[in-house]
>>> print(open('my_file-v4.cif').read())   # mmCIF, C-alpha atoms
data_start
loop_
_atom_site.label_atom_id
_atom_site.label_comp_id
_atom_site.auth_asym_id
_atom_site.auth_seq_id
_atom_site.Cartn_x
_atom_site.Cartn_y
_atom_site.Cartn_z
CA MET A 18 163.52 112.12 76.24
CA ALA A 19 161.75 109.07 77.73
CA LEU A 20 161.44 110.87 81.07
CA ALA A 21 159.83 113.90 79.39
CA LEU A 22 157.33 111.72 77.56
CA SER A 23 156.38 109.91 80.77
CA ILE A 24 155.80 113.23 82.54
CA LEU A 25 153.59 114.44 79.68
CA ALA A 26 151.64 111.16 79.63
CA ALA A 27 150.97 111.12 83.38
CA PRO A 28 148.19 113.75 83.40
CA PHE A 29 146.39 111.89 80.61
CA ALA A 30 146.59 108.61 82.54
CA VAL A 31 145.13 110.26 85.62
CA LYS A 32 142.42 111.89 83.54
CA GLY A 33 141.54 108.50 82.04
CA GLN A 34 141.20 107.00 85.52
CA GLN A 35 139.00 109.87 86.68
CA THR A 36 136.60 109.52 83.76
CA ALA A 37 136.19 105.73 84.06
CA LYS A 38 132.50 104.90 83.77
CA ILE A 39 130.75 104.21 87.05
CA PRO A 40 127.90 101.66 86.73
CA ARG A 41 124.49 103.30 87.06
CA ILE A 42 121.71 101.13 88.52
CA GLY A 43 118.06 102.11 88.11
CA VAL A 44 115.71 100.97 90.90
CA LEU A 45 112.03 100.93 89.96
CA ARG A 46 109.53 100.49 92.80
CA PRO A 47 105.76 100.60 92.16
CA GLY A 48 105.06 101.61 95.77
CA SER A 49 106.46 104.17 98.19
CA PRO A 50 109.55 104.16 100.43
CA MET A 51 108.97 101.77 103.34
CA GLY A 52 110.13 103.97 106.19
CA ASN A 53 112.76 106.66 106.46
CA PRO A 54 115.24 105.42 105.46
CA ASP A 55 113.54 102.94 103.18
CA ALA A 56 114.11 99.45 104.62
CA TYR A 57 114.33 97.62 101.30
CA GLN A 58 116.54 100.20 99.62
CA GLU A 59 118.87 100.00 102.61
CA ALA A 60 118.93 96.21 102.38
CA PHE A 61 119.89 96.50 98.69
CA ARG A 62 122.60 99.04 99.54
CA SER A 63 123.86 96.73 102.30
CA GLY A 64 124.11 93.87 99.82
CA LEU A 65 126.12 96.05 97.45
CA ARG A 66 128.44 97.17 100.25
CA ASP A 67 129.05 93.56 101.24
CA LEU A 68 130.20 92.95 97.67
CA GLY A 69 132.65 95.84 97.83
CA TYR A 70 130.69 98.59 96.09
CA ILE A 71 130.77 102.15 97.40
CA GLU A 72 127.73 104.22 96.46
CA GLY A 73 128.72 107.43 94.73
CA GLN A 74 132.23 106.15 94.00
CA THR A 75 132.06 102.72 92.39
CA ILE A 76 128.32 102.50 91.77
CA LEU A 77 125.43 104.95 91.33
CA LEU A 78 121.79 104.32 92.22
CA GLU A 79 118.81 105.93 90.50
CA PRO A 80 115.68 105.15 92.59
CA ARG A 81 112.18 105.79 91.25
CA TRP A 82 108.85 105.18 93.05
CA GLY A 83 105.38 104.83 91.55
CA GLU A 84 103.61 105.74 94.82
CA GLY A 85 101.08 102.95 94.22
CA ARG A 86 100.01 104.33 90.82
CA LEU A 87 100.78 101.82 88.09
CA GLU A 88 100.16 104.39 85.36
CA ARG A 89 103.33 106.20 86.47
CA LEU A 90 105.63 103.26 85.78
CA PRO A 91 106.14 103.69 81.99
CA GLY A 92 107.27 107.29 82.46
CA LEU A 93 109.64 106.28 85.26
CA VAL A 94 111.18 103.55 83.11
CA THR A 95 111.70 106.08 80.32
CA GLU A 96 113.48 108.35 82.81
CA LEU A 97 115.82 105.52 83.78
CA ILE A 98 116.57 104.62 80.17
CA ASP A 99 117.29 108.28 79.42
CA ARG A 100 119.70 108.25 82.37
CA LYS A 101 121.53 105.43 80.54
CA VAL A 102 121.32 102.97 83.42
CA ASP A 103 123.27 99.74 83.06
CA ILE A 104 120.75 97.60 84.96
CA ILE A 105 117.15 98.12 86.13
CA VAL A 106 116.23 96.51 89.46
CA VAL A 107 112.46 96.18 89.90
CA GLY A 108 110.25 95.62 92.94
CA SER A 109 107.35 93.70 91.40
CA GLY A 110 106.22 91.62 88.44
CA VAL A 111 104.25 94.56 87.03
CA ALA A 112 107.32 96.82 87.21
CA ALA A 113 109.29 94.08 85.43
CA GLN A 114 106.62 93.87 82.71
CA VAL A 115 106.71 97.63 82.13
CA ALA A 116 110.51 97.65 82.05
CA HIS A 117 110.59 94.68 79.67
CA GLN A 118 108.16 96.41 77.31
CA ALA A 119 110.48 99.41 77.23
CA THR A 120 113.79 97.58 76.70
CA SER A 121 114.99 94.16 75.60
CA THR A 122 118.66 95.02 75.99
CA ILE A 123 119.11 96.56 79.46
CA PRO A 124 119.32 93.75 82.05
CA ILE A 125 116.35 93.63 84.44
CA VAL A 126 116.78 92.17 87.94
CA MET A 127 113.64 91.32 89.90
CA ALA A 128 114.00 91.78 93.65
CA THR A 129 110.55 90.26 94.08
CA GLY A 130 107.49 89.44 92.00
CA ASP A 131 106.15 86.52 90.01
CA PRO A 132 107.94 86.28 86.66
CA VAL A 133 106.00 83.19 85.54
CA ALA A 134 102.49 84.53 86.26
CA SER A 135 103.57 87.85 84.75
CA GLY A 136 104.39 86.03 81.52
CA LEU A 137 108.01 87.17 81.57
CA VAL A 138 109.65 83.76 81.76
CA SER A 139 108.56 80.16 81.45
CA ASN A 140 111.59 78.59 83.08
CA LEU A 141 113.04 79.76 86.39
CA ALA A 142 116.22 77.74 85.92
CA ARG A 143 117.07 79.39 82.61
CA PRO A 144 114.90 82.49 82.12
CA GLY A 145 116.45 83.66 78.85
CA GLY A 146 116.20 87.21 77.52
CA ASN A 147 117.17 90.15 79.72
CA ILE A 148 115.33 89.21 82.97
CA THR A 149 116.52 87.38 86.06
CA GLY A 150 116.45 87.83 89.85
CA LEU A 151 114.16 86.53 92.57
CA SER A 152 110.57 85.35 92.64
CA GLY A 153 108.63 86.26 95.78
CA PHE A 154 105.67 84.12 94.81
CA ASP A 155 104.58 80.71 96.03
CA THR A 156 100.98 79.50 95.68
CA GLU A 157 101.24 77.77 99.04
CA LEU A 158 101.82 81.07 100.87
CA SER A 159 98.30 82.38 100.31
CA GLU A 160 96.78 79.07 101.36
CA LYS A 161 98.97 79.03 104.47
CA ARG A 162 97.76 82.53 105.41
CA LEU A 163 94.18 81.30 105.33
CA GLN A 164 95.10 78.32 107.51
CA LEU A 165 96.88 80.56 110.03
CA LEU A 166 93.87 82.87 110.19
CA LYS A 167 91.62 79.89 110.90
CA GLU A 168 93.99 78.50 113.54
CA THR A 169 94.18 81.88 115.26
CA SER A 170 90.41 82.41 115.19
CA PRO A 171 88.71 79.01 114.87
CA GLY A 172 85.27 80.64 114.65
CA VAL A 173 86.16 82.43 111.44
CA SER A 174 84.01 81.47 108.47
CA GLY A 175 83.60 84.33 106.01
CA VAL A 176 86.92 85.93 105.04
CA ALA A 177 87.09 89.17 103.06
CA VAL A 178 90.08 89.09 100.72
CA VAL A 179 91.32 92.56 99.78
CA TRP A 180 93.30 92.40 96.56
CA ASN A 181 94.26 94.28 93.42
CA PRO A 182 93.21 92.44 90.23
CA SER A 183 95.54 94.67 88.18
CA TYR A 184 98.32 92.25 89.08
CA THR A 185 98.34 88.85 87.34
CA SER A 186 100.10 87.28 90.34
CA MET A 187 97.34 88.55 92.65
CA LEU A 188 94.75 86.76 90.51
CA VAL A 189 96.74 83.54 90.82
CA GLN A 190 96.89 83.97 94.61
CA PHE A 191 93.19 84.77 94.88
CA THR A 192 92.28 81.72 92.79
CA GLY A 193 94.45 79.62 95.10
CA LEU A 194 92.56 80.97 98.11
CA GLN A 195 89.23 80.09 96.53
CA THR A 196 90.46 76.54 95.97
CA ALA A 197 91.86 76.17 99.49
CA ALA A 198 88.96 77.77 101.39
CA PRO A 199 86.61 74.74 101.60
CA SER A 200 89.35 72.52 103.03
CA VAL A 201 89.82 74.86 106.01
CA GLY A 202 86.10 75.53 106.51
CA ALA A 203 86.08 79.09 105.22
CA SER A 204 84.35 81.03 102.48
CA ILE A 205 86.03 83.77 100.46
CA ARG A 206 84.52 87.17 99.72
CA SER A 207 86.33 89.17 97.06
CA VAL A 208 87.00 92.84 97.80
CA GLU A 209 88.77 94.38 94.81
CA VAL A 210 90.74 97.63 94.88
CA ARG A 211 92.43 98.98 91.77
CA ASP A 212 93.33 102.46 92.99
CA ALA A 213 93.27 104.55 96.17
CA LYS A 214 89.80 105.90 95.42
CA GLU A 215 88.29 102.42 95.72
CA PHE A 216 89.19 101.88 99.38
CA GLU A 217 86.19 103.85 100.64
CA ARG A 218 83.88 101.66 98.57
CA ALA A 219 85.72 98.53 99.72
CA PHE A 220 85.36 99.49 103.39
CA ALA A 221 81.65 100.22 102.91
CA ALA A 222 81.16 96.79 101.32
CA MET A 223 82.94 95.02 104.19
CA THR A 224 80.96 97.01 106.77
CA ARG A 225 77.77 95.91 105.05
CA ASP A 226 78.78 92.25 104.55
CA ARG A 227 80.29 91.85 108.06
CA PRO A 228 83.03 89.27 107.38
CA ASP A 229 84.59 87.36 110.28
CA ALA A 230 88.15 88.22 109.23
CA VAL A 231 90.24 89.95 106.59
CA LEU A 232 93.10 88.68 104.43
CA VAL A 233 95.08 91.29 102.48
CA LEU A 234 97.24 90.36 99.49
CA ALA A 235 100.28 92.63 99.46
CA ASP A 236 101.01 94.69 96.37
CA ALA A 237 102.13 98.28 95.76
CA LEU A 238 98.61 99.69 96.21
CA THR A 239 97.74 97.87 99.44
CA LEU A 240 101.19 98.54 100.87
CA VAL A 241 100.97 102.27 100.19
CA ASN A 242 97.55 102.26 101.88
CA ARG A 243 98.44 99.79 104.63
CA LYS A 244 97.56 102.16 107.48
CA LEU A 245 94.02 102.54 106.11
CA LEU A 246 93.62 98.75 106.00
CA VAL A 247 95.11 98.20 109.44
CA ASP A 248 92.95 100.95 110.99
CA PHE A 249 89.80 99.56 109.39
CA ALA A 250 90.46 96.08 110.81
CA ALA A 251 91.08 97.61 114.25
CA GLU A 252 87.93 99.73 114.11
CA LYS A 253 85.76 96.77 113.11
CA ARG A 254 87.62 94.46 115.53
CA LEU A 255 88.45 92.01 112.76
CA PRO A 256 91.36 89.57 112.92
CA ALA A 257 93.48 90.08 109.81
CA ILE A 258 96.49 88.53 108.14
CA TYR A 259 98.68 90.24 105.56
CA GLY A 260 101.18 89.25 102.91
CA SER A 261 103.96 91.48 104.24
CA ARG A 262 105.32 92.35 107.68
CA ASP A 263 105.07 96.05 106.80
CA PHE A 264 101.38 95.82 107.73
CA VAL A 265 102.24 94.36 111.14
CA ASP A 266 104.81 97.08 111.74
CA SER A 267 101.94 99.50 111.09
CA GLY A 268 99.76 97.81 113.73
CA GLY A 269 98.31 94.85 111.84
CA LEU A 270 97.68 91.55 113.64
CA MET A 271 99.94 89.15 111.74
CA SER A 272 101.69 88.50 108.45
CA TYR A 273 103.10 85.52 106.63
CA GLY A 274 105.35 85.94 103.64
CA PRO A 275 108.86 86.19 102.23
CA ASN A 276 111.44 88.28 104.03
CA LEU A 277 111.52 91.08 101.46
CA ALA A 278 114.54 92.81 102.97
CA ASP A 279 116.50 89.58 102.52
CA MET A 280 115.36 89.36 98.89
CA TRP A 281 116.46 92.93 98.17
CA ARG A 282 119.81 92.15 99.76
CA ARG A 283 120.17 89.07 97.55
CA ALA A 284 119.26 91.12 94.46
CA ALA A 285 122.60 92.89 94.88
CA SER A 286 124.42 89.65 93.99
CA TYR A 287 122.62 89.56 90.62
CA VAL A 288 123.69 93.12 89.91
CA ASP A 289 127.26 92.18 90.79
CA ARG A 290 127.33 89.13 88.52
CA ILE A 291 125.83 91.02 85.58
CA LEU A 292 128.30 93.88 85.97
CA LYS A 293 131.07 91.27 85.88
CA GLY A 294 129.84 89.91 82.57
CA ALA A 295 127.13 87.33 83.33
CA LYS A 296 124.15 87.24 80.96
CA PRO A 297 120.86 87.76 82.86
CA GLY A 298 119.03 85.11 80.84
CA GLU A 299 121.53 82.49 82.01
CA LEU A 300 121.20 83.30 85.74
CA PRO A 301 118.55 81.10 87.43
CA ILE A 302 115.70 82.92 89.16
CA GLU A 303 115.71 82.14 92.87
CA GLN A 304 112.67 81.54 95.07
CA PRO A 305 112.26 82.76 98.68
CA THR A 306 114.61 81.17 101.21
CA LYS A 307 113.18 83.02 104.23
CA VAL A 308 109.42 82.99 104.86
CA GLU A 309 108.45 84.60 108.15
CA LEU A 310 105.43 84.66 110.43
CA VAL A 311 105.19 87.93 112.39
CA ILE A 312 102.58 88.46 115.13
CA ASN A 313 101.62 91.68 116.92
CA LEU A 314 100.49 90.73 120.44
CA LYS A 315 99.57 94.33 121.24
CA THR A 316 97.02 94.24 118.42
CA ALA A 317 95.79 90.81 119.51
CA LYS A 318 95.18 92.18 122.99
CA ALA A 319 93.23 95.14 121.58
CA LEU A 320 91.07 92.67 119.66
CA ARG A 321 90.67 90.57 122.83
CA LEU A 322 92.10 87.70 120.85
CA THR A 323 94.29 85.02 122.41
CA ILE A 324 96.84 83.70 119.95
CA PRO A 325 97.10 79.90 120.40
CA GLN A 326 100.46 78.65 121.65
CA SER A 327 100.61 76.35 118.62
CA VAL A 328 100.74 79.46 116.42
CA LEU A 329 103.02 81.53 118.67
CA ILE A 330 105.77 78.91 118.76
CA ARG A 331 105.95 79.04 114.96
CA ALA A 332 106.34 82.80 114.84
CA ASP A 333 109.65 84.20 113.63
CA GLU A 334 108.98 87.45 115.48
CA VAL A 335 106.46 88.48 118.12
CA ILE A 336 105.86 92.19 118.61
CA GLN A 337 104.89 92.86 122.23
#
>>> encode(input="my_file-v4.cif", output="structure tokens")
Amino acid sequence: MALALSILAAPFAVKGQQTAKIPRIGVLRPGSPMGNPDAYQEAFRSGLRDLGYIEGQTILLEPRWGEGRLERLPGLVTELIDRKVDIIVVGSGVAAQVAHQATSTIPIVMATGDPVASGLVSNLARPGGNITGLSGFDTELSEKRLQLLKETSPGVSGVAVVWNPSYTSMLVQFTGLQTAAPSVGASIRSVEVRDAKEFERAFAAMTRDRPDAVLVLADALTLVNRKLLVDFAAEKRLPAIYGSRDFVDSGGLMSYGPNLADMWRRAASYVDRILKGAKPGELPIEQPTKVELVINLKTAKALRLTIPQSVLIRADEVIQ
């Protein structure tokens, strides 16, 4: 009798194992895929694999991209919530804000962004609520970019700063640049872009004002349109520095900022801890551990610009 019961129970045990819930992770990016395959998505996947997860078997990913259009984000968050995701991983402070407005119960993990400037948390050590992750923001980074631009081209005075005021963190960075400019002997000229249609106007303004150099603050909009920005700087023979190496990979002169691939890889550990029972509000938000200077010597040569040795020796990567 016991043997018969065990035989009858076996199929039900197998069925129970087969229908075990696989964690579903939403990934909300305000920009576009960075390459094919997407470098940051692959870094996130790599981090999950290192922790023992197998995509499609022990974890499912639901990626969504805003393509640089912030107005798309609320609809994408709704899609993820409808898909009953267990965690939402976001690629910016704005994406985190939109996700937080939509849900106070689904854990939100920031792979990058500025949770303090975005008004999401007041304490990085104990964020509270349903948000945790990594902060890619440091006020000193923008100031350092201006210093590097001045070191590379000592004759630079007027610097056009291309930025998107739709992001609170961009306003904080721009204000920091305004404060730092006099100490390095530069003046800041604001060039605002809120959507793709404004780039033509921005380029016309810079052509008219003739700045000595360009500094681009990296956000979803400028990243999606990075080739336009890089090509403009090349056409006008302007030295330029960017907030992300993606611009340099597209032909830009140099960048200084967090290693975003590393941050996406580290975001996987937050997902792992939350899936194992940790409360997001009790997980400290980490700041960048890898900040890299990347220089494109091919672009420097095209600009007939000699990068000082004092700058080159500090570079984490030099593209020949």
>>> atom_distance(input="my_file-v4.cif", atom1="CA of Leu141 in chain A", atom2="CA of Tyr70 in chain A")
27.6 Å
>>> closest_residue(input="my_file-v4.cif", among="A:Leu163, A:Val241, A:Val178, A:Leu87", to="Pro199 in chain A", atoms="all atoms listed in the file")
A:Leu163
>>> resolve_selection(input="my_file-v4.cif", expression="the PyMOL selection byres ((chain A and resi 334) around 10)", output="PDB file with C-alpha atoms, in the coordinates of the input")
ATOM      1  CA  ARG A 262     105.320  92.350 107.680  1.00  0.00           C
ATOM      2  CA  MET A 271      99.940  89.150 111.740  1.00  0.00           C
ATOM      3  CA  GLU A 309     108.450  84.600 108.150  1.00  0.00           C
ATOM      4  CA  LEU A 310     105.430  84.660 110.430  1.00  0.00           C
ATOM      5  CA  VAL A 311     105.190  87.930 112.390  1.00  0.00           C
ATOM      6  CA  ILE A 312     102.580  88.460 115.130  1.00  0.00           C
ATOM      7  CA  ASN A 313     101.620  91.680 116.920  1.00  0.00           C
ATOM      8  CA  LEU A 329     103.020  81.530 118.670  1.00  0.00           C
ATOM      9  CA  ILE A 330     105.770  78.910 118.760  1.00  0.00           C
ATOM     10  CA  ARG A 331     105.950  79.040 114.960  1.00  0.00           C
ATOM     11  CA  ALA A 332     106.340  82.800 114.840  1.00  0.00           C
ATOM     12  CA  ASP A 333     109.650  84.200 113.630  1.00  0.00           C
ATOM     13  CA  VAL A 335     106.460  88.480 118.120  1.00  0.00           C
ATOM     14  CA  ILE A 336     105.860  92.190 118.610  1.00  0.00           C
ATOM     15  CA  GLN A 337     104.890  92.860 122.230  1.00  0.00           C
TER      16      GLN A 337
END
>>> residues_around(input="my_file-v4.cif", residues="range 96-111 of chain A", least_positions_apart="3", cutoff="7 Å", atoms="only C-alpha atoms", output="ChimeraX atom specification")
/A:40-47,92-93,114-115,123-132,135,184
>>> atom_distance(input="my_file-v4.cif", atom1="CA of Gly73 in chain A", atom2="CA of Leu300 in chain A")
26.8 Å
>>> atom_distance(input="my_file-v4.cif", atom1="CA of Thr149 in chain A", atom2="CA of Gln74 in chain A")
25.7 Å
>>> closest_residue(input="my_file-v4.cif", among="A:Ala113, A:Ile76, A:Gln58, A:Ser49", to="Val288 in chain A", atoms="only C-alpha atoms")
A:Ile76
>>> decode(input="my_file-v4.cif", residues="range 188-224 of chain A", atoms="N, CA and C atoms", output="JSON list (two decimals), in the first residue's frame")
[["chain", "number", "residue", "atom", "x", "y", "z"],
["A", 188, "LEU", "N", 21.17, 69.15, -12.88],
["A", 188, "LEU", "CA", 21.17, 70.53, -12.36],
["A", 188, "LEU", "C", 22.21, 70.67, -11.27],
["A", 189, "VAL", "N", 22.31, 69.67, -10.41],
["A", 189, "VAL", "CA", 23.30, 69.70, -9.33],
["A", 189, "VAL", "C", 24.71, 69.72, -9.93],
["A", 190, "GLN", "N", 24.94, 68.90, -10.97],
["A", 190, "GLN", "CA", 26.26, 68.88, -11.61],
["A", 190, "GLN", "C", 26.57, 70.20, -12.30],
["A", 191, "PHE", "N", 25.58, 70.76, -12.99],
["A", 191, "PHE", "CA", 25.81, 72.02, -13.68],
["A", 191, "PHE", "C", 26.11, 73.14, -12.69],
["A", 192, "THR", "N", 25.39, 73.16, -11.58],
["A", 192, "THR", "CA", 25.65, 74.18, -10.55],
["A", 192, "THR", "C", 27.06, 74.03, -9.99],
["A", 193, "GLY", "N", 27.50, 72.78, -9.83],
["A", 193, "GLY", "CA", 28.86, 72.53, -9.37],
["A", 193, "GLY", "C", 29.90, 73.05, -10.35],
["A", 194, "LEU", "N", 29.62, 72.90, -11.64],
["A", 194, "LEU", "CA", 30.54, 73.42, -12.67],
["A", 194, "LEU", "C", 30.61, 74.94, -12.61],
["A", 195, "GLN", "N", 29.48, 75.58, -12.44],
["A", 195, "GLN", "CA", 29.47, 77.04, -12.34],
["A", 195, "GLN", "C", 30.32, 77.52, -11.16],
["A", 196, "THR", "N", 30.23, 76.79, -10.06],
["A", 196, "THR", "CA", 31.00, 77.16, -8.86],
["A", 196, "THR", "C", 32.49, 76.94, -9.07],
["A", 197, "ALA", "N", 32.83, 75.84, -9.77],
["A", 197, "ALA", "CA", 34.24, 75.48, -9.94],
["A", 197, "ALA", "C", 34.94, 76.25, -11.04],
["A", 198, "ALA", "N", 34.19, 76.76, -12.01],
["A", 198, "ALA", "CA", 34.78, 77.38, -13.20],
["A", 198, "ALA", "C", 35.78, 78.49, -12.90],
["A", 199, "PRO", "N", 35.48, 79.46, -12.04],
["A", 199, "PRO", "CA", 36.44, 80.55, -11.81],
["A", 199, "PRO", "C", 37.79, 80.06, -11.28],
["A", 200, "SER", "N", 37.77, 79.00, -10.48],
["A", 200, "SER", "CA", 39.02, 78.53, -9.87],
["A", 200, "SER", "C", 39.96, 77.90, -10.89],
["A", 201, "VAL", "N", 39.42, 77.46, -12.04],
["A", 201, "VAL", "CA", 40.29, 76.89, -13.08],
["A", 201, "VAL", "C", 40.44, 77.84, -14.27],
["A", 202, "GLY", "N", 39.93, 79.07, -14.12],
["A", 202, "GLY", "CA", 40.10, 80.06, -15.18],
["A", 202, "GLY", "C", 39.22, 79.81, -16.38],
["A", 203, "ALA", "N", 38.01, 79.34, -16.15],
["A", 203, "ALA", "CA", 37.09, 79.08, -17.26],
["A", 203, "ALA", "C", 35.74, 79.74, -16.99],
["A", 204, "SER", "N", 34.99, 79.94, -18.05],
["A", 204, "SER", "CA", 33.63, 80.44, -17.93],
["A", 204, "SER", "C", 32.70, 79.41, -18.55],
["A", 205, "ILE", "N", 31.52, 79.27, -17.97],
["A", 205, "ILE", "CA", 30.56, 78.25, -18.39],
["A", 205, "ILE", "C", 29.44, 78.87, -19.22],
["A", 206, "ARG", "N", 29.14, 78.21, -20.33],
["A", 206, "ARG", "CA", 28.00, 78.63, -21.16],
["A", 206, "ARG", "C", 27.00, 77.47, -21.22],
["A", 207, "SER", "N", 25.81, 77.71, -20.73],
["A", 207, "SER", "CA", 24.81, 76.65, -20.66],
["A", 207, "SER", "C", 24.18, 76.39, -22.03],
["A", 208, "VAL", "N", 24.16, 75.11, -22.42],
["A", 208, "VAL", "CA", 23.49, 74.70, -23.66],
["A", 208, "VAL", "C", 22.53, 73.57, -23.26],
["A", 209, "GLU", "N", 21.25, 73.90, -23.14],
["A", 209, "GLU", "CA", 20.26, 72.96, -22.63],
["A", 209, "GLU", "C", 19.59, 72.18, -23.77],
["A", 210, "VAL", "N", 19.43, 70.88, -23.54],
["A", 210, "VAL", "CA", 18.70, 70.03, -24.49],
["A", 210, "VAL", "C", 17.75, 69.14, -23.69],
["A", 211, "ARG", "N", 16.47, 69.24, -24.01],
["A", 211, "ARG", "CA", 15.47, 68.45, -23.30],
["A", 211, "ARG", "C", 14.93, 67.29, -24.12],
["A", 212, "ASP", "N", 15.08, 67.38, -25.43],
["A", 212, "ASP", "CA", 14.66, 66.28, -26.30],
["A", 212, "ASP", "C", 15.49, 66.34, -27.57],
["A", 213, "ALA", "N", 15.36, 65.31, -28.41],
["A", 213, "ALA", "CA", 16.20, 65.19, -29.61],
["A", 213, "ALA", "C", 16.04, 66.36, -30.57],
["A", 214, "LYS", "N", 14.86, 66.97, -30.58],
["A", 214, "LYS", "CA", 14.61, 68.08, -31.49],
["A", 214, "LYS", "C", 15.43, 69.32, -31.15],
["A", 215, "GLU", "N", 15.93, 69.40, -29.92],
["A", 215, "GLU", "CA", 16.65, 70.61, -29.49],
["A", 215, "GLU", "C", 18.13, 70.59, -29.85],
["A", 216, "PHE", "N", 18.65, 69.47, -30.37],
["A", 216, "PHE", "CA", 20.07, 69.42, -30.68],
["A", 216, "PHE", "C", 20.42, 70.37, -31.83],
["A", 217, "GLU", "N", 19.58, 70.48, -32.81],
["A", 217, "GLU", "CA", 19.86, 71.39, -33.94],
["A", 217, "GLU", "C", 19.99, 72.82, -33.44],
["A", 218, "ARG", "N", 19.08, 73.23, -32.55],
["A", 218, "ARG", "CA", 19.16, 74.57, -31.98],
["A", 218, "ARG", "C", 20.42, 74.73, -31.13],
["A", 219, "ALA", "N", 20.75, 73.68, -30.37],
["A", 219, "ALA", "CA", 21.94, 73.73, -29.51],
["A", 219, "ALA", "C", 23.21, 73.88, -30.35],
["A", 220, "PHE", "N", 23.30, 73.14, -31.44],
["A", 220, "PHE", "CA", 24.48, 73.23, -32.31],
["A", 220, "PHE", "C", 24.57, 74.61, -32.97],
["A", 221, "ALA", "N", 23.43, 75.17, -33.34],
["A", 221, "ALA", "CA", 23.43, 76.51, -33.94],
["A", 221, "ALA", "C", 23.91, 77.55, -32.94],
["A", 222, "ALA", "N", 23.50, 77.39, -31.67],
["A", 222, "ALA", "CA", 23.92, 78.33, -30.63],
["A", 222, "ALA", "C", 25.42, 78.24, -30.39],
["A", 223, "MET", "N", 25.96, 77.02, -30.36],
["A", 223, "MET", "CA", 27.40, 76.86, -30.14],
["A", 223, "MET", "C", 28.20, 77.36, -31.35],
["A", 224, "THR", "N", 27.68, 77.17, -32.53],
["A", 224, "THR", "CA", 28.36, 77.67, -33.73],
["A", 224, "THR", "C", 28.42, 79.19, -33.69]]
